[in-house]
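Undergrad: Below you'll find protein_0.txt; it's compact mmCIF, C-alpha atoms (C1' of nucleotides).
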# COMPACT_ATOMS: atom_id res chain seq x y z
CA MET A 59 31.00 49.69 -6.42
CA ASN A 60 30.20 48.63 -2.87
CA ARG A 61 33.52 47.28 -1.50
CA GLY A 62 32.04 45.65 1.58
CA ARG A 63 29.43 43.85 -0.44
CA ARG A 64 32.01 42.83 -3.01
CA GLU A 65 34.16 41.26 -0.32
CA LEU A 66 31.16 39.49 1.17
CA LEU A 67 30.02 38.07 -2.15
CA ARG A 68 33.50 36.90 -3.08
CA GLU A 69 33.91 35.26 0.31
CA ILE A 70 30.59 33.46 -0.08
CA TYR A 71 31.68 32.19 -3.47
CA HIS A 72 34.98 30.90 -2.16
CA ARG A 73 33.33 29.15 0.76
CA LEU A 74 30.86 27.43 -1.53
CA ILE A 75 33.37 26.32 -4.11
CA ALA A 76 35.68 25.06 -1.37
CA ALA A 77 32.83 23.02 0.13
CA LEU A 78 31.11 21.83 -3.03
CA GLY A 79 33.65 22.09 -5.84
CA PRO A 80 33.05 23.56 -9.30
CA GLN A 81 29.68 22.66 -10.80
CA HIS A 82 30.48 23.29 -14.50
CA TRP A 83 27.01 24.46 -15.42
CA TRP A 84 24.74 24.38 -17.47
CA PRO A 85 24.24 20.61 -17.93
CA ALA A 86 23.63 20.77 -21.69
CA ASP A 87 25.55 20.36 -24.95
CA THR A 88 24.12 23.19 -27.05
CA PRO A 89 22.50 26.63 -26.56
CA MET A 90 19.16 25.22 -27.74
CA GLU A 91 19.37 22.47 -25.15
CA VAL A 92 20.03 25.10 -22.48
CA ILE A 93 16.94 27.01 -23.56
CA ILE A 94 14.75 23.90 -23.58
CA GLY A 95 16.03 22.95 -20.14
CA ALA A 96 15.49 26.47 -18.80
CA ILE A 97 11.83 26.34 -19.79
CA LEU A 98 11.24 22.77 -18.66
CA THR A 99 12.80 23.30 -15.24
CA GLN A 100 10.43 26.11 -14.28
CA ASN A 101 9.21 25.21 -10.80
CA THR A 102 10.30 21.63 -11.44
CA SER A 103 13.14 19.46 -10.19
CA TRP A 104 15.90 18.77 -12.68
CA LYS A 105 15.45 15.00 -12.29
CA ASN A 106 12.04 15.28 -13.90
CA VAL A 107 13.42 17.53 -16.61
CA LYS A 108 16.23 15.12 -17.47
CA GLN A 109 13.73 12.45 -18.41
CA ALA A 110 11.89 14.83 -20.70
CA ILE A 111 15.10 16.01 -22.36
CA GLY A 112 16.12 12.39 -22.81
CA ARG A 113 12.91 11.68 -24.71
CA LEU A 114 13.38 14.76 -26.87
CA ARG A 115 16.94 13.63 -27.59
CA GLU A 116 15.72 10.17 -28.65
CA LYS A 117 13.42 11.84 -31.16
CA ASN A 118 16.17 14.23 -32.31
CA LEU A 119 14.03 17.16 -31.18
CA LEU A 120 16.64 19.23 -29.34
CA HIS A 121 16.80 21.61 -32.29
CA LEU A 122 14.82 24.67 -33.26
CA GLU A 123 13.73 23.45 -36.70
CA GLU A 124 12.68 19.99 -35.54
CA LEU A 125 10.83 21.40 -32.56
CA ASN A 126 9.02 23.77 -34.89
CA ARG A 127 7.74 20.86 -36.94
CA VAL A 128 6.44 18.57 -34.19
CA SER A 129 2.80 18.97 -33.15
CA LEU A 130 1.87 20.59 -29.86
CA GLN A 131 0.18 17.39 -28.70
CA GLU A 132 3.15 15.19 -29.51
CA LEU A 133 5.53 17.61 -27.82
CA ALA A 134 3.37 17.76 -24.69
CA ALA A 135 3.34 13.96 -24.48
CA LEU A 136 7.13 13.78 -24.79
CA ILE A 137 7.79 16.29 -22.00
CA ARG A 138 5.12 14.91 -19.70
CA SER A 139 7.58 14.00 -16.95
CA SER A 140 8.58 17.64 -16.47
CA GLY A 141 5.12 18.62 -15.24
CA TYR A 142 2.89 21.46 -16.52
CA TYR A 143 3.44 19.74 -19.85
CA ASN A 144 0.68 21.49 -21.77
CA GLN A 145 1.90 24.91 -20.69
CA LYS A 146 5.54 24.07 -21.33
CA ALA A 147 4.80 22.66 -24.77
CA ARG A 148 3.17 25.99 -25.62
CA LYS A 149 6.18 27.85 -24.25
CA LEU A 150 8.68 25.83 -26.28
CA LYS A 151 6.57 26.36 -29.37
CA ALA A 152 6.33 30.08 -28.68
CA PHE A 153 10.10 30.39 -28.44
CA CYS A 154 10.73 28.42 -31.62
CA ASP A 155 8.04 30.36 -33.44
CA HIS A 156 9.55 33.67 -32.35
CA VAL A 157 13.09 32.88 -33.51
CA GLY A 158 11.75 31.29 -36.65
CA THR A 159 9.63 34.32 -37.53
CA HIS A 160 11.85 37.21 -36.40
CA TRP A 161 15.33 35.76 -36.94
CA ASN A 162 14.69 33.34 -39.77
CA GLY A 163 15.50 30.53 -37.39
CA ASN A 164 19.03 31.79 -36.78
CA LEU A 165 19.40 31.14 -33.06
CA ALA A 166 23.07 32.13 -32.95
CA ARG A 167 22.33 35.55 -34.41
CA PHE A 168 19.41 36.01 -32.01
CA LEU A 169 21.65 35.21 -29.05
CA ALA A 170 24.46 37.45 -30.33
CA GLN A 171 22.56 40.63 -29.42
CA GLU A 172 23.60 42.92 -26.61
CA ILE A 173 22.33 41.89 -23.20
CA GLU A 174 19.55 44.44 -22.72
CA PRO A 175 17.84 44.12 -26.11
CA LEU A 176 18.19 40.35 -25.84
CA ARG A 177 16.60 40.40 -22.37
CA GLN A 178 13.69 42.56 -23.51
CA GLU A 179 13.07 40.37 -26.53
CA LEU A 180 13.20 37.20 -24.43
CA LEU A 181 10.76 38.69 -21.92
CA SER A 182 8.34 39.47 -24.74
CA ILE A 183 8.06 35.77 -25.59
CA PHE A 184 5.28 33.79 -23.92
CA GLY A 185 6.60 31.64 -21.09
CA ILE A 186 9.91 33.41 -20.58
CA GLY A 187 10.06 35.41 -17.37
CA GLN A 188 12.98 37.07 -15.60
CA GLU A 189 14.80 33.99 -14.39
CA THR A 190 14.40 32.00 -17.58
CA ALA A 191 15.55 35.01 -19.62
CA ASP A 192 18.64 35.46 -17.49
CA SER A 193 19.44 31.75 -17.56
CA ILE A 194 19.32 31.87 -21.34
CA ILE A 195 21.48 35.02 -21.45
CA LEU A 196 24.10 33.58 -19.11
CA TYR A 197 24.25 29.93 -20.17
CA ALA A 198 23.11 29.95 -23.82
CA ALA A 199 24.28 33.39 -24.99
CA HIS A 200 27.29 33.42 -22.64
CA LYS A 201 26.78 37.01 -21.54
CA PRO A 202 27.26 38.23 -17.97
CA THR A 203 23.97 38.58 -16.15
CA PHE A 204 23.37 37.25 -12.65
CA VAL A 205 20.62 34.63 -12.49
CA VAL A 206 18.34 34.95 -9.48
CA ASP A 207 16.20 31.99 -8.54
CA ALA A 208 14.25 30.77 -5.52
CA TYR A 209 17.44 29.44 -3.92
CA THR A 210 19.30 32.71 -4.41
CA HIS A 211 16.45 34.58 -2.80
CA ARG A 212 16.09 32.09 0.04
CA ILE A 213 19.79 31.84 0.86
CA CYS A 214 20.39 35.58 0.75
CA SER A 215 17.37 36.54 2.83
CA ARG A 216 17.78 33.77 5.40
CA HIS A 217 21.35 34.81 6.03
CA GLY A 218 20.24 38.38 6.45
CA TRP A 219 22.17 39.77 3.49
CA VAL A 220 19.06 41.20 1.87
CA SER A 221 15.45 41.86 2.78
CA GLU A 222 12.98 39.11 1.99
CA GLU A 223 10.94 41.73 0.16
CA LEU A 224 13.58 42.34 -2.52
CA THR A 225 12.28 42.03 -6.06
CA TYR A 226 13.97 39.98 -8.74
CA GLY A 227 15.64 43.01 -10.30
CA GLU A 228 16.80 44.37 -6.96
CA LEU A 229 18.45 41.09 -6.01
CA ARG A 230 20.13 40.86 -9.41
CA ASP A 231 21.44 44.39 -8.92
CA PHE A 232 22.67 43.39 -5.47
CA PHE A 233 25.11 41.01 -7.18
CA GLU A 234 25.79 42.84 -10.41
CA GLY A 235 26.38 46.11 -8.60
CA ALA A 236 29.18 44.61 -6.54
CA LEU A 237 30.85 42.11 -8.85
CA GLU A 238 32.79 42.49 -12.07
CA PRO A 239 30.78 41.09 -15.00
CA ASP A 240 32.38 37.71 -15.63
CA VAL A 241 30.47 34.99 -17.46
CA ARG A 242 32.25 31.95 -16.03
CA PHE A 243 32.16 33.41 -12.53
CA PHE A 244 28.41 34.19 -12.73
CA GLN A 245 27.72 30.76 -14.20
CA GLU A 246 29.52 29.01 -11.39
CA TYR A 247 28.07 31.28 -8.71
CA HIS A 248 24.48 30.57 -9.65
CA ALA A 249 25.18 26.84 -9.96
CA LEU A 250 26.71 26.84 -6.48
CA PHE A 251 23.61 28.51 -5.05
CA VAL A 252 21.38 25.86 -6.59
CA ARG A 253 23.64 23.10 -5.29
CA THR A 254 23.63 24.72 -1.86
CA GLY A 255 19.84 24.89 -1.94
CA HIS A 256 19.63 21.20 -2.81
CA ALA A 257 22.13 20.16 -0.21
CA TYR A 258 21.30 22.37 2.74
CA CYS A 259 18.01 24.20 2.40
CA ARG A 260 15.47 21.40 2.25
CA ARG A 261 12.64 21.77 4.74
CA THR A 262 14.86 23.37 7.37
CA PRO A 263 15.27 27.13 7.61
CA GLN A 264 18.72 26.70 9.11
CA CYS A 265 21.21 23.97 8.57
CA ALA A 266 24.21 23.66 10.85
CA SER A 267 26.42 21.99 8.27
CA CYS A 268 25.84 24.62 5.59
CA PRO A 269 29.16 26.25 4.68
CA LEU A 270 27.40 29.62 4.82
CA ASP A 271 25.74 29.15 8.19
CA SER A 272 26.37 31.96 10.65
CA TYR A 273 28.30 33.90 8.07
CA PRO A 274 28.66 37.41 9.51
CA VAL A 275 26.62 40.14 7.95
CA TYR A 276 28.64 43.05 9.33
CA LEU A 277 30.21 43.72 5.93
CA LEU A 278 26.94 45.08 4.57
C1' DG B 190 0.41 10.13 1.50
C1' DG B 191 1.95 14.83 1.72
C1' DC B 192 5.28 18.07 0.36
C1' DC B 193 7.96 20.33 -2.92
C1' DA B 194 10.73 21.38 -7.01
C1' DG B 195 16.45 25.63 -10.72
C1' DG B 196 8.45 29.97 -12.60
C1' DA B 197 5.24 32.25 -15.41
C1' DC B 198 0.83 33.92 -16.53
C1' DA B 199 -4.10 35.28 -16.01
C1' DC B 200 -7.29 37.54 -13.42
C1' DC B 201 -8.93 40.57 -9.91
C1' DA B 202 -9.19 44.46 -6.73
C1' DT C 58 1.27 47.08 -8.18
C1' DG C 59 0.26 43.28 -5.40
C1' DG C 60 -2.13 39.10 -4.07
C1' DT C 61 -4.06 34.67 -5.47
C1' DG C 62 -5.25 30.68 -8.43
C1' DT C 63 -3.63 27.59 -12.07
C1' DC C 64 -0.63 24.65 -14.44
C1' DA C 65 1.10 18.77 -13.08
C1' DT C 66 4.63 15.20 -12.79
C1' DG C 67 7.84 12.41 -10.08
C1' DG C 68 11.13 11.94 -6.16
C1' DC C 69 11.70 11.73 -1.37
What is this file in structure tokens?
TA:
Amino acid sequence: MNRGRRELLREIYHRLIAALGPQHWWPADTPMEVIIGAILTQNTSWKNVKQAIGRLREKNLLHLEELNRVSLQELAALIRSSGYYNQKARKLKAFCDHVGTHWNGNLARFLAQEIEPLRQELLSIFGIGQETADSIILYAAHKPTFVVDAYTHRICSRHGWVSEELTYGELRDFFEGALEPDVRFFQEYHALFVRTGHAYCRRTPQCASCPLDSYPVYLL
DNA sequence: GGCCAGGACACCA
DNA sequence: TGGTGTCATGGC
């Protein structure tokens, strides 16, 4: 365990939570809703996703079985606001089809697997890449994996904590290798990064009011 | 009116 | 393995 990095990462967390407060993520009521949101928010702002989820909720489609029954065309029309709607409709269908076929539709049992087999199985499903898989593991399965997204990458590289060239897995290891695996802590940490990205990292490489600005990198 | 968002996949060299 | 094109809406 890298002590210097651990101290740095804990300090970052405390600065963010002091500035922004707890985020209480993921904004969803059920594991299935988390999964739907994780797919719909791919390269898309959450505001657009919220509309789509609202339409699915109206039609009582935030469930595996119901989603399995609706046609691809109808589903695509309902999630139109989230962008890439044809692709995302296919992805939602692929997920539902997978759990339906391989787990007899038992989502809870599917999510109850150990982290690594669950990750590999998620990654084998069309439309689920590294970030979406980790979001599902952390927020739907409630298992400790660190979610890396564009904001995580941007914040960490711009502050000089990591190289810009780091791959997804390397950046995840950067956090997981220094922090105790703790579901609530990882959930809040990722949410704080996203909030920080929204609040401080829009269009400007540096932002003077960011609680992380000028944070020393000597600990690394 | 342009830019960008809580990515992933296909195709090519 | 890495680089590039494609998917697409809505908010700012």
Undergrad: Given a cut-off of 9 Å, which residues of chain C touch chain A, counting all atoms listed in the file, written out as JSON, numbers by chain?
TA: {"C": [64, 65, 66, 67, 68]}
Undergrad: For a quick test of understanding: name the residues of chain A lying within 8 Å of chain B when counting all atoms listed in the file, and present them as a ChimeraX atom specification.
TA: /A:99-104,185-187,189,207-209,252
Undergrad: As an exercise, work out the distance from atom CA of Cys268 of chain A to atom CA of Val205 of chain A in Å and give it to one decimal place.
TA: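 Taking atom CA of Cys268 of chain A as the start and atom CA of Val205 of chain A as the end point, the length is 21.3 Å.
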Undergrad: Between atom CA of Gln245 of chain A and atom CA of Pro85 of chain A, what is the spacing in Å?
TA: 11.4 Å
Undergrad: Have a look at atom CA of Ile111 of chain A and atom CA of Phe168 of chain A and let me know their distance in Å, one decimal.
TA: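 Computing it gives 22.6 Å between the two atoms.
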Undergrad: Can you pull out every residue within 12 Å of Leu165 of chain A, counting all atoms listed in the file, but drop anything in the same chain fewer than 5 positions away, and send it as number ranges by chain?
TA: A: 88-91, 93, 121-123, 153-160, 170-171, 176, 194, 198-199
